[in-house]
Amino acid sequence: MITAIIILTVVGALLGLGLGAASRYLPVKEDPVVEHITNLLPGTQCGQCGYAGCRQAATALIEADAPLTLCPPGGPTLVKQLAEALGRDHTDLEESSRGPALAWVNRDLCTGCTKCIRECPTDALVGAAKQIHVVLEDACTGCGACVSVCPTNGIVMQEVPLTLSNWQWPKPQQTAEQAITVLEDSHR
Amino acid sequence: MRLFGLRGGVHPEASKQRTAEHGITRLPLPNRLYIPLQQHIGEPAEPEVTVGQKVLKGQLLARSQGLISAPVHAPSSGTIVAIGNFPAPHPSGLPVCTITLETDGDDRWCDSIQGSDDPFALTPQQIAERVGQAGVVGMGGATFPSAIKLNQGLQQPIHTLIVNGSECEPYLTCDDRLMRERPAAVIEGVRLTAIALKVQRIVIAIEDNKLEALTAMRAAATAMSDVEVIKVPSRYPMGWDKQLIRLITGQEVPHGARTASIGVCVHNVGTVYAVQRALRDGTPLVTRIVTVAGGAIGEPQNLEIPIGTLASELIEFCGGLKKKAARLVMGGPMMGQIIPHDSVPMVKGSSGLLALSLKEIDDGPERPCIRCGRCVEACPVGLMPVEMAARLRVDDIEGARDYGVQDCIGCSCCSYVCPSKIPLVHYFNYAKGALDTRQTAAAKAQQTKELAQARQTRLDAQTAARNAQRAAQKAAREKQSSTPQAASSQTQEAEGQA
Amino acid sequence: MKISIPHAAPHVRNPGKVPSLMGAVIVALAPVTGFAIYQYGWPALNLVALCLISAILFEALCLHWMGKPIKTYLMDGSSLLTALLLALSLPPWAPWWIAVFGSGFAVILGKQIFGGIGQNPFNPAMLARVALLLSFPVEMTTWIAPTPLLSTQAPGFFDALQITFLDSGLVDAYTHATLLGTVKTELAQGLGLSQIWHSSPLFSTGLSTGLADAMLLGSAPGSLGETSTLLIAIGGFYLLYQRIINWQLPVSMLGTLTLLSVIFYLLDPERYSHPMTHLTSGGVMLAAFFIITDPVTSPCTTRGQLLFGAACALLIYVIRTWGGYPEGVAFAVLLMNAMTPLIDHYIRPRRYGRTFRGKPIPAPLSLHMQHGGKGFNVSAMTRKQREPSVESTSQPATTVPDRTAPVPQAQQSGEHS
């Protein structure tokens, strides 16, 4: 009895020491999670999240529990990816962040000041001074940086409409249990 | 002729008798036609007409744009009353850009339509070009622009043309009737297609449950020594082009490659018929044969309709609904798409319109999977639907991809045989959609990164240029300022000397 | 606009449903059950009835606890089938508590605790049988000689109730050893098989041929389901004919067992039993047609099923010949059940156009041969091109491709470059 207790204690202590030593002397060079999250983020360094750049935002996401919705350009897709990568729940967040939105220039209000062109992190706005600017939808990430700088409030974010080309089959909703319950109810 | 082995497949009840014995009827011209601008895979066509314009039958309504696209022509003469959104024949019920044509009842052909007395004199290039201009697409339902497939013969050697007359979907008999009633035209279309592709061997495959069509086609092909009309076993999905290739040539098309990579090209009988019409008569694809069937339809039959007719008009012509339709389907019951209501137009790829009664759809409650493996046995691709669905139920899309969900052709064999009535194909549609979204998102993120980097480089270059300019200016200024100093000192010196 | 999730294809379904599958298996088991009840009399009837009733009660209780719809799940017949298979693998005159405990173990710990039908990793009936065998070895190995119903030695109805419920000493008068048990014990004492045949009163009727007849027709002692190999095989063929089960599992299991027993029998007939003995005794036939064909716990693929059946047979032969127990069917099945996820993970069918490893198959050489002179590089084309569509006679009549149709890929297609 005593022997067993002693042996187990000694083994446990040795293993614990080993683990402690491993974590102390064999440190991971850089947190791989930061790298992974940074890769998920758009990398535009647009600063809309309030952090200096995407790497800082990634660190904040991991350490300071910044909200998953912090990155406007990423849209709901990114929220979902981040939630998966960080193991955080995103179901309640989906309500607040709608589908991806793209910038749209109101031709009546645009004065051709080129402020938005200078602000755009992906060069998605084209045009010249005194000319109406146009958004290249392919290049726009929907970060919204141009909206705030426009002096005439001539840029708005428009949600991408659901069309046949971006419609997807949703997941089958009815679980087996639900379906059977429905059936039994209808038989009653 | 020796046929090769197949994998998977099912034997659904054919339910073809009622429509197969009924000749093709022409539908009276509807008052309004709704012609979607995208009736094919690829880029939507670009409208060529304006609202209020009068058009003649066969006139170009919308021009093809992009590499993979097909033009759209007026199915009858009349006035364009609208160009805008109209519900598409699609499960989502979402609208698509559609030209609305009010017919004038004359049905007058456009003058520019002229046939060719000897289409066999055309070169392969000319054939492909004319078929492309006629807006012919794959009529079996895939709606891939046919001209592109015909052009393959110019780019790589193709030795075998397989003409797909198997029509393996239950209920549908439009190809069956076409082969019975117009075999000569079909055979001519086959030979013209063969000329375009420059093939050595032509095989027309017809399932053994369509013996009359087989006899008619054999009779029409007797004079042509180069055309083989063969009987293939009735087993769904025999009409899957790669299944037919495996059956007839014994080869498989490598994953990710076109059928042309093994020198085979597959065309549907409806498509070769449209090719013949386009070359012989010069008429573009403005009509098609549709099977209207299902337990809820009053008088099921095959109709030849102008493209763009509303589904409701077809149902009305066929005696209306004799009982409540539990489901409206465009296409066959195995791969057709549910349509949300009957106010959607029939399009180039609509091979059938089914109004199925509650008894026919027989969904039953979904029960837990018992892993019976019937889906694995039935899958013609060799996937394991049971494993993929188990993963997708918990949103493990990566896991499903590992099991090859992207190889799924959506033939519905697995859902058909499932004793637990699990909507397997729905799960795989969902997975393919999610993977597609993910791919798009990844591409977008990559593009964003590149754009941001390009901008950074540009800004750096600008800054560098500005700095260089400033430095140059500064240098210039310093030089300038030093020169007057020197001059003044010289002056001082000079003054001193003076 | 109506917002609802649309139904995906197909729009017609095969009429087969889970309850009808279970029903067909129960029907296929009916002849052997009926015959077994005839052979072993009233106590056997009590045993079967007790198993069925208690299994239904336990199942209803579990469903109630889990908040699942009781009626629908009870009606699928899976608990009845489990109970029937368990009853057939028990000694015919086992007392009532063996039946109730076994049923409870099978339904609760064998099936419902994992989440109900379709979720259990092990065959519930075999799990319960092994649990009973390990917990109550005496009761589980008390075999009796067949005493057909209404025959003179058979216990009457009230005697039967005593045997089942009161654990009276009545059973002892009828006990007998099973063939496999005898063989195991006697071999351990160093006797040769031929000596055993002659010395044992049970087998005095004749040598292996007469014995095989007895096994086939069911006059040899054993558990309920071991009695008539012939009737079990008939039920199995009915299931095969109805396409409820695949041929792969029974054929690979019986084939492997025959092969092994023939090889060893030819090596030394004194030590190793006759192939017919192996095939007709114990639970082999029941297992081959009814136990390993349980869809939930067997592999899904054809090759997986062949492997599964063969491995089961190997384990059965090893346990019977060299193991501690005379019969190894239940153990073999459970061991292989544990391997099923592994088999399903590694043995997958070959996908169209791909090798077994999932890589695209190389383009056929014939094209090179035919057009080799033109410098046509098939593999380069293969890599560059993506198949943009599936052309079939009867494909969905979508105008507009749904996003599953790879439109963007079509644009990258090499044909237009």
# chains A, B, ... in the order shown; residues from 1 in each chain; ligands from 1

$ interface_residues --of "chain B" --to "chain A" --cutoff "8 Å" --atoms "only C-alpha atoms" --output "list in words"
Ser92, Leu94, Pro95, Val96, Pro365, Glu366, Arg367, Pro368, Pro423, His426, Tyr427, Asn429, Tyr430, Gly433, Ala434, Arg438, Ala441, Ala445, Gln446, Gln447, Thr448, Lys449, Leu451, Ala452 and Arg455 of chain B

$ residues_around --residues "Asn31 of chain B" --least-positions-apart "4" --cutoff "10 Å" --atoms "only C-alpha atoms" --output "list in words"
Gly78, Leu101, Glu102, Thr103, Asp104, Gly105 and Thr309 of chain B

$ write_last_selection --atoms "C-alpha atoms" --output "compact mmCIF listing (two decimals), in the first residue's frame"
# COMPACT_ATOMS: atom_id res chain seq x y z
CA GLY B 78 -44.32 40.70 -81.35
CA LEU B 101 -42.35 39.61 -75.36
CA GLU B 102 -45.99 40.27 -76.21
CA THR B 103 -46.75 38.09 -79.21
CA ASP B 104 -48.79 39.46 -82.13
CA GLY B 105 -50.12 36.10 -83.21
CA THR B 309 -43.80 29.96 -72.11

$ atom_distance --atom1 "atom CA of Leu70 of chain A" --atom2 "atom CA of Ala103 of chain A"
18.4 Å

$ atom_distance --atom1 "atom CA of Asn151 of chain B" --atom2 "atom CA of Met179 of chain B"
25.4 Å

$ residues_around --residues "segment 145-159 of chain A" --least-positions-apart "3" --cutoff "7 Å" --atoms "only C-alpha atoms" --output "list in words"
Gly99, Pro100, Ala101, Leu102, Ala103, Trp104, Val105, Asn106, Leu109, Cys110, Lys115, Cys116, Glu119 and Cys120 of chain A

$ residues_around --residues "Met66 of chain C" --least-positions-apart "5" --cutoff "12 Å" --atoms "only C-alpha atoms" --output "VMD selection string"
(chain A and resid 177) or (chain C and resid 59 to 61 73 108 112 to 116)

$ write_last_selection --atoms "C-alpha atoms" --output "PDB file, in the first residue's frame"
ATOM      1  CA  GLU A 177     -36.569  14.344 -34.468  1.00  0.00           C
TER       2      GLU A 177
ATOM      3  CA  GLU C  59     -36.971   1.091 -25.248  1.00  0.00           C
ATOM      4  CA  ALA C  60     -40.119   3.076 -24.440  1.00  0.00           C
ATOM      5  CA  LEU C  61     -38.644   4.107 -21.120  1.00  0.00           C
ATOM      6  CA  TYR C  73     -39.255   4.986 -32.826  1.00  0.00           C
ATOM      7  CA  ILE C 108     -30.137   0.560 -22.668  1.00  0.00           C
ATOM      8  CA  GLN C 112     -29.920   3.908 -26.359  1.00  0.00           C
ATOM      9  CA  ILE C 113     -26.971   5.136 -24.341  1.00  0.00           C
ATOM     10  CA  PHE C 114     -25.143   5.853 -27.591  1.00  0.00           C
ATOM     11  CA  GLY C 115     -28.064   7.871 -28.950  1.00  0.00           C
ATOM     12  CA  GLY C 116     -30.485   5.269 -30.175  1.00  0.00           C
TER      13      GLY C 116
END

$ interface_residues --of "chain B" --to "chain C" --cutoff "6 Å" --atoms "only C-alpha atoms" --output "ChimeraX atom specification"
/B:38-42,91,140-142,167,169,239-241,252-258,268,330-331,333-337,349-350,361,369-373,381-382,412,416-417,419-420,426

$ atom_distance --atom1 "atom CA of Thr249 of chain B" --atom2 "atom CA of Glu188 of chain B"
23.4 Å

$ closest_residue --among "B:Gly138, B:Ala223, B:Arg18, B:Val264" --to "Gly295 of chain B" --atoms "only C-alpha atoms"
B:Arg18

$ residues_around --residues "Gly87 of chain A" --least-positions-apart "5" --cutoff "12 Å" --atoms "only C-alpha atoms" --output "list of chain:residue names"
A:Val33, A:Leu61, A:Ile62, A:Asp65, A:Leu68, A:Val79, A:Lys80, A:Gln81, A:Leu82

$ residues_around --residues "Cys51 of chain C" --least-positions-apart "4" --cutoff "10 Å" --atoms "only C-alpha atoms" --output "compact mmCIF listing (two decimals) with C-alpha atoms, in the first residue's frame"
# COMPACT_ATOMS: atom_id res chain seq x y z
CA LEU C 45 -41.80 -19.60 -25.61
CA ASN C 46 -41.66 -17.90 -22.22
CA LEU C 47 -38.10 -16.85 -22.89
CA ALA C 55 -37.08 -4.89 -24.74
CA ILE C 56 -40.11 -2.86 -25.82
CA LEU C 80 -37.95 -6.15 -31.36
CA THR C 82 -32.57 -6.96 -31.10
CA ALA C 83 -34.64 -8.80 -28.52
CA LEU C 84 -35.41 -11.65 -30.90
CA LEU C 85 -31.74 -12.08 -31.80
CA LEU C 86 -30.84 -12.04 -28.13
CA ALA C 87 -33.50 -14.64 -27.32
CA LEU C 88 -32.18 -16.87 -30.09
CA TRP C 96 -36.77 -15.03 -16.54
CA TRP C 97 -34.19 -12.68 -15.08
CA ILE C 98 -31.65 -13.66 -17.72
CA ALA C 99 -34.11 -12.57 -20.39
CA VAL C 100 -35.01 -9.31 -18.68
CA PHE C 101 -31.46 -8.44 -17.75
CA GLY C 102 -30.25 -9.28 -21.25
CA SER C 103 -32.92 -7.22 -22.96
CA GLY C 104 -32.31 -4.30 -20.66

$ select_by_dssp --residues "segment 146-268 of chain B" --states "alpha helix (DSSP H)" --output "ChimeraX atom specification"
/B:146-155,174-181,183-197,211-221,241-249
